[in-house]
Each structure stands twice: as C-alpha cells, then as structure tokens.
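*Asks:* What follows is model-v3.cif, mmCIF, C-alpha atoms.
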data_structure
#
loop_
_atom_site.group_PDB
_atom_site.id
_atom_site.type_symbol
_atom_site.label_atom_id
_atom_site.label_comp_id
_atom_site.auth_asym_id
_atom_site.auth_seq_id
_atom_site.Cartn_x
_atom_site.Cartn_y
_atom_site.Cartn_z
ATOM 1 C CA MET A 75 1.460 15.292 16.408
ATOM 2 C CA THR A 76 -2.053 15.737 15.066
ATOM 3 C CA LEU A 77 -2.937 13.456 12.168
ATOM 4 C CA GLN A 78 -5.476 14.740 9.683
ATOM 5 C CA SER A 79 -4.729 12.475 6.734
ATOM 6 C CA ILE A 80 -3.368 8.957 6.398
ATOM 7 C CA VAL A 81 -2.501 7.059 3.229
ATOM 8 C CA VAL A 82 -2.046 3.291 3.216
ATOM 9 C CA ALA A 83 -0.469 1.377 0.314
ATOM 10 C CA TYR A 84 -2.563 -1.741 -0.219
ATOM 11 C CA ASP A 85 -2.237 -4.674 -2.623
ATOM 12 C CA GLY A 86 -4.248 -7.369 -0.867
ATOM 13 C CA THR A 87 -1.251 -9.330 0.443
ATOM 14 C CA ALA A 88 -0.879 -10.329 4.099
ATOM 15 C CA PRO A 89 1.648 -7.522 4.787
ATOM 16 C CA ALA A 90 -0.729 -5.016 3.200
ATOM 17 C CA GLN A 91 -3.588 -6.400 5.326
ATOM 18 C CA ASN A 92 -1.471 -5.733 8.426
ATOM 19 C CA ALA A 93 -0.786 -2.185 7.225
ATOM 20 C CA LEU A 94 -4.484 -1.614 6.528
ATOM 21 C CA GLU A 95 -5.423 -2.802 10.029
ATOM 22 C CA ALA A 96 -2.918 -0.384 11.574
ATOM 23 C CA ALA A 97 -4.054 2.491 9.353
ATOM 24 C CA ILE A 98 -7.716 1.889 10.212
ATOM 25 C CA GLU A 99 -6.983 1.905 13.928
ATOM 26 C CA ILE A 100 -4.866 5.067 13.716
ATOM 27 C CA ALA A 101 -7.487 6.809 11.546
ATOM 28 C CA ARG A 102 -10.211 5.830 13.987
ATOM 29 C CA LEU A 103 -8.260 7.124 16.998
ATOM 30 C CA SER A 104 -7.168 10.362 15.328
ATOM 31 C CA HIS A 105 -10.348 11.022 13.289
ATOM 32 C CA ALA A 106 -8.108 11.374 10.233
ATOM 33 C CA THR A 107 -9.065 10.960 6.599
ATOM 34 C CA LEU A 108 -7.976 7.521 5.361
ATOM 35 C CA LYS A 109 -6.942 6.992 1.747
ATOM 36 C CA VAL A 110 -6.199 3.486 0.446
ATOM 37 C CA VAL A 111 -3.937 3.443 -2.607
ATOM 38 C CA THR A 112 -3.590 0.346 -4.797
ATOM 39 C CA VAL A 113 -1.113 0.282 -7.684
ATOM 40 C CA ILE A 114 -1.433 -1.950 -10.730
ATOM 41 C CA PRO A 115 2.236 -2.880 -11.264
ATOM 42 C CA ILE A 116 2.920 -1.939 -14.881
ATOM 43 C CA VAL A 117 6.479 -1.468 -16.075
ATOM 44 C CA ALA A 118 7.902 0.024 -19.268
ATOM 45 C CA GLY A 119 8.750 -2.654 -21.809
ATOM 46 C CA ALA A 120 10.443 -2.709 -25.186
ATOM 47 C CA TYR A 121 9.463 -0.002 -27.673
ATOM 48 C CA GLY A 122 7.546 1.939 -25.021
ATOM 49 C CA ILE A 123 4.962 -0.811 -24.547
ATOM 50 C CA GLU A 124 3.834 -1.215 -20.973
ATOM 51 C CA LEU A 125 3.469 -4.698 -19.589
ATOM 52 C CA PRO A 126 2.403 -6.030 -16.194
ATOM 53 C CA PRO A 127 4.641 -8.552 -14.477
ATOM 54 C CA GLY A 128 2.819 -11.600 -15.758
ATOM 55 C CA PRO A 129 1.156 -12.967 -18.853
ATOM 56 C CA ASP A 130 -2.233 -11.280 -18.727
ATOM 57 C CA ILE A 131 -2.779 -7.552 -18.265
ATOM 58 C CA ASP A 132 -6.563 -7.939 -18.089
ATOM 59 C CA SER A 133 -6.417 -10.338 -15.137
ATOM 60 C CA THR A 134 -3.911 -8.067 -13.368
ATOM 61 C CA VAL A 135 -6.212 -5.062 -13.787
ATOM 62 C CA GLN A 136 -9.305 -7.042 -12.749
ATOM 63 C CA LYS A 137 -7.550 -8.352 -9.639
ATOM 64 C CA ALA A 138 -6.525 -4.820 -8.622
ATOM 65 C CA LYS A 139 -10.069 -3.530 -9.173
ATOM 66 C CA ALA A 140 -11.475 -6.403 -7.114
ATOM 67 C CA THR A 141 -8.975 -5.674 -4.341
ATOM 68 C CA GLN A 142 -10.066 -2.029 -4.262
ATOM 69 C CA ALA A 143 -13.764 -3.014 -4.261
ATOM 70 C CA GLU A 144 -13.192 -5.348 -1.297
ATOM 71 C CA VAL A 145 -11.414 -2.601 0.620
ATOM 72 C CA ARG A 146 -14.140 -0.066 -0.166
ATOM 73 C CA ALA A 147 -16.835 -2.493 1.015
ATOM 74 C CA ARG A 148 -14.940 -3.256 4.202
ATOM 75 C CA LEU A 149 -14.320 0.391 5.021
ATOM 76 C CA GLU A 150 -17.995 1.217 4.489
ATOM 77 C CA LYS A 151 -18.822 -1.390 7.176
ATOM 78 C CA GLU A 152 -16.185 -0.107 9.635
ATOM 79 C CA GLY A 153 -17.467 2.073 12.399
ATOM 80 C CA GLY A 154 -15.852 5.184 13.764
ATOM 81 C CA LEU A 155 -14.015 6.226 10.606
ATOM 82 C CA GLY A 156 -14.206 9.691 9.119
ATOM 83 C CA LYS A 157 -13.734 10.350 5.422
ATOM 84 C CA VAL A 158 -12.451 7.346 3.466
ATOM 85 C CA GLU A 159 -11.071 7.388 -0.084
ATOM 86 C CA THR A 160 -9.631 4.790 -2.439
ATOM 87 C CA GLU A 161 -7.328 5.327 -5.402
ATOM 88 C CA LEU A 162 -6.319 2.884 -8.140
ATOM 89 C CA LEU A 163 -3.087 3.797 -9.934
ATOM 90 C CA GLU A 164 -0.912 2.179 -12.611
ATOM 91 C CA GLY A 165 2.868 1.972 -12.854
ATOM 92 C CA ASP A 166 5.811 1.188 -10.650
ATOM 93 C CA PRO A 167 4.393 0.831 -7.112
ATOM 94 C CA VAL A 168 7.162 2.833 -5.425
ATOM 95 C CA ASP A 169 7.084 5.646 -7.985
ATOM 96 C CA ARG A 170 3.290 5.892 -8.065
ATOM 97 C CA VAL A 171 2.847 5.898 -4.271
ATOM 98 C CA LEU A 172 5.562 8.544 -3.943
ATOM 99 C CA ALA A 173 3.974 10.653 -6.701
ATOM 100 C CA GLU A 174 0.574 10.377 -5.008
ATOM 101 C CA ILE A 175 1.880 11.522 -1.624
ATOM 102 C CA ASP A 176 3.854 14.328 -3.268
ATOM 103 C CA LYS A 177 0.666 15.501 -5.006
ATOM 104 C CA HIS A 178 -1.522 15.134 -1.878
ATOM 105 C CA PRO A 179 0.831 15.068 1.138
ATOM 106 C CA PRO A 180 -0.557 13.038 4.049
ATOM 107 C CA ASP A 181 0.506 13.341 7.655
ATOM 108 C CA LEU A 182 1.306 9.624 7.690
ATOM 109 C CA LEU A 183 1.933 6.914 5.101
ATOM 110 C CA VAL A 184 1.427 3.306 6.216
ATOM 111 C CA VAL A 185 3.000 0.376 4.341
ATOM 112 C CA GLY A 186 3.367 -3.322 5.045
ATOM 113 C CA SER A 187 6.593 -5.264 5.001
ATOM 114 C CA ARG A 188 7.286 -8.962 4.573
ATOM 115 C CA GLY A 189 10.299 -8.579 6.845
ATOM 116 C CA LEU A 190 12.842 -9.713 4.261
ATOM 117 C CA SER A 191 16.500 -9.921 5.194
ATOM 118 C CA GLY A 192 19.073 -7.778 3.406
ATOM 119 C CA ALA A 193 19.719 -10.508 0.830
ATOM 120 C CA GLY A 194 16.002 -10.937 0.162
ATOM 121 C CA ARG A 195 15.560 -7.201 -0.391
ATOM 122 C CA PHE A 196 18.564 -7.159 -2.726
ATOM 123 C CA PHE A 197 17.221 -9.916 -4.961
ATOM 124 C CA LEU A 198 13.495 -9.202 -4.764
ATOM 125 C CA GLY A 199 13.470 -5.453 -4.227
ATOM 126 C CA SER A 200 11.230 -3.917 -1.629
ATOM 127 C CA VAL A 201 8.341 -1.542 -2.133
ATOM 128 C CA SER A 202 8.289 -0.593 1.544
ATOM 129 C CA ASP A 203 12.054 -0.018 1.516
ATOM 130 C CA GLY A 204 11.856 2.217 -1.558
ATOM 131 C CA ILE A 205 8.978 4.206 -0.122
ATOM 132 C CA LEU A 206 10.589 4.516 3.302
ATOM 133 C CA HIS A 207 13.782 6.007 1.898
ATOM 134 C CA HIS A 208 12.146 8.480 -0.482
ATOM 135 C CA ALA A 209 8.877 9.600 1.128
ATOM 136 C CA ARG A 210 8.628 13.220 2.244
ATOM 137 C CA CYS A 211 6.268 12.430 5.100
ATOM 138 C CA SER A 212 6.269 10.220 8.155
ATOM 139 C CA VAL A 213 6.122 6.519 7.276
ATOM 140 C CA LEU A 214 4.933 3.650 9.442
ATOM 141 C CA VAL A 215 6.239 0.284 8.248
ATOM 142 C CA VAL A 216 4.091 -2.496 9.698
ATOM 143 C CA ARG A 217 6.026 -5.727 9.998
ATOM 144 C CA PRO A 218 4.556 -9.181 10.563
ATOM 145 C CA SER A 219 4.277 -10.282 14.167
ATOM 146 C CA PRO A 220 6.900 -12.747 15.458
ATOM 147 C CA ARG A 221 4.196 -15.458 15.567
ATOM 148 C CA ALA A 222 3.288 -14.843 11.910
ATOM 149 C CA ARG A 223 6.962 -15.024 10.893
ATOM 150 C CA ALA A 224 7.352 -18.300 12.832
ATOM 151 C CA ARG A 225 4.336 -19.777 10.993
ATOM 152 C CA GLU A 226 5.898 -18.891 7.627
ATOM 153 C CA ASN A 227 9.145 -20.735 8.424
#
Could you render the structure as structure tokens?

*Replies:*
Amino acid sequence: MTLQSIVVAYDGTAPAQNALEAAIEIARLSHATLKVVTVIPIVAGAYGIELPPGPDIDSTVQKAKATQAEVRARLEKEGGLGKVETELLEGDPVDRVLAEIDKHPPDLLVVGSRGLSGAGRFFLGSVSDGILHHARCSVLVVRPSPRARAREN
C-alpha cells in the first residue's frame, strides 16, 4: 500500500499527541502529505444557536487556534517531511472530520484513543470510535502504551 496523503485528527490532548507522533513517522517514511485537522467542538443549541461545550466560546476558539499554531510551528521544525497542511474546523468533531475526509479523501486517517472501556465509551462517547466506524478510508487508532495506562491508574 502506497501512502500519498495522511490526515491526523488533533486536539492537543495526550492521545492526540500520540496520534500526531505516529502520523509524523508514517508521513516521513512514506513521503506522504500530512494534514493536521483540529475541530472546535461546537454543538447546535436551542433556537439554532451554536454553543461550545463550556462557558466561553472565545476561549475555546483561542485555545484551538493556539493548538494549531503549536502544531504548525512543530511541523516546520521537523525534518524529512514533505508537504504539511493544517485545518481548523468548527462543529461536532466526528462529523467534521468525516466531512473533511469525504471532501479530500486521504489514504490514511490517524486518530488517538484514550483506551476507554465499553462503559466509558457509552457514557462519554468516543470521537475515535465514531470516526473508526464511519470513515471511508483506512484508519489507524493509536492507543496509549501499557506504561502510560499504568501511570494513569
């Protein structure tokens, strides 16, 4: 399988960091284009008003922009990478990532996972789970290492 384009879903969390590391290494080895997609989680509220999950939309947007700027700066410093792109989107993370890869299909989508149990996914939902089951391309779900999971417990 020849990889020409890779998309990684990135939100700055530890699982997303793990996914980014994997995506960078795969892009470097395959000389593929790497696109980092960050989604500002905005959901439809009452009367069509859109609200982020939290009290302050401005801080949510600023945090997402800062996350993207950090990624861009890091990728500019990385050696051995081909074309690199970043994209900042708004909406439901699962829906927006799926829409992005439907619009510009990559050869591989990389996402991080916290490694939640079935009960945890049921109550908290799972972006990686939603993407995995609905993506129309190959998906690599990067899970935390056993040592990282042991540190969390």

*Asks:* For Ala97 of chain A, find every residue with an atom within 8 Å (counting only C-alpha atoms), except residues of its own chain fewer than 4 positions away, and show them as a count of residues only.

*Replies:* 7

*Asks:* Nearest to Gln142 of chain A among A:Ser212, A:Val201, A:Asn92, A:Asp85, with distances taken over all atoms listed in the file: which residue is it?

*Replies:*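 Answer, going by the shortest atom-to-atom distance: A:Asp85.
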
*Asks:* Just the number, please: distance in Å from atom CA of Val171 of chain A to atom CA of Ala90 of chain A, one decimal.

*Replies:*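 Value for the atom CA of Val171 of chain A-atom CA of Ala90 of chain A distance: 13.7 Å.
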
*Asks:* Tell me, as an NGL selection string, which residues lie within 10 Å of segment 157-168 of chain A, counting only C-alpha atoms; anything in the same chain fewer than 3 positions away does not count.

*Replies:* :A and (79-85 or 98 or 101 or 105-118 or 124-126 or 135 or 138-139 or 141-143 or 145-146 or 149-150 or 171-174 or 200-206 or 208-209)

*Asks:* Grab the atom CA of Glu152 of chain A to atom CA of Thr76 of chain A distance for me, in Å with one decimal place.

*Replies:* 21.9 Å

*Asks:* Atom CA of Arg148 of chain A and atom CA of Pro89 of chain A are how many Å apart?

*Replies:*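 Atom-to-atom, atom CA of Arg148 of chain A to atom CA of Pro89 of chain A, that is 17.1 Å.
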
*Asks:* Determine the nearest neighbour of Val216 of chain A from the options A:Leu103, A:Leu155, A:Ala88, A:Leu77, counting all atoms listed in the file.

*Replies:*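 Using all atoms listed in the file, Val216 of chain A sits closest to A:Ala88.
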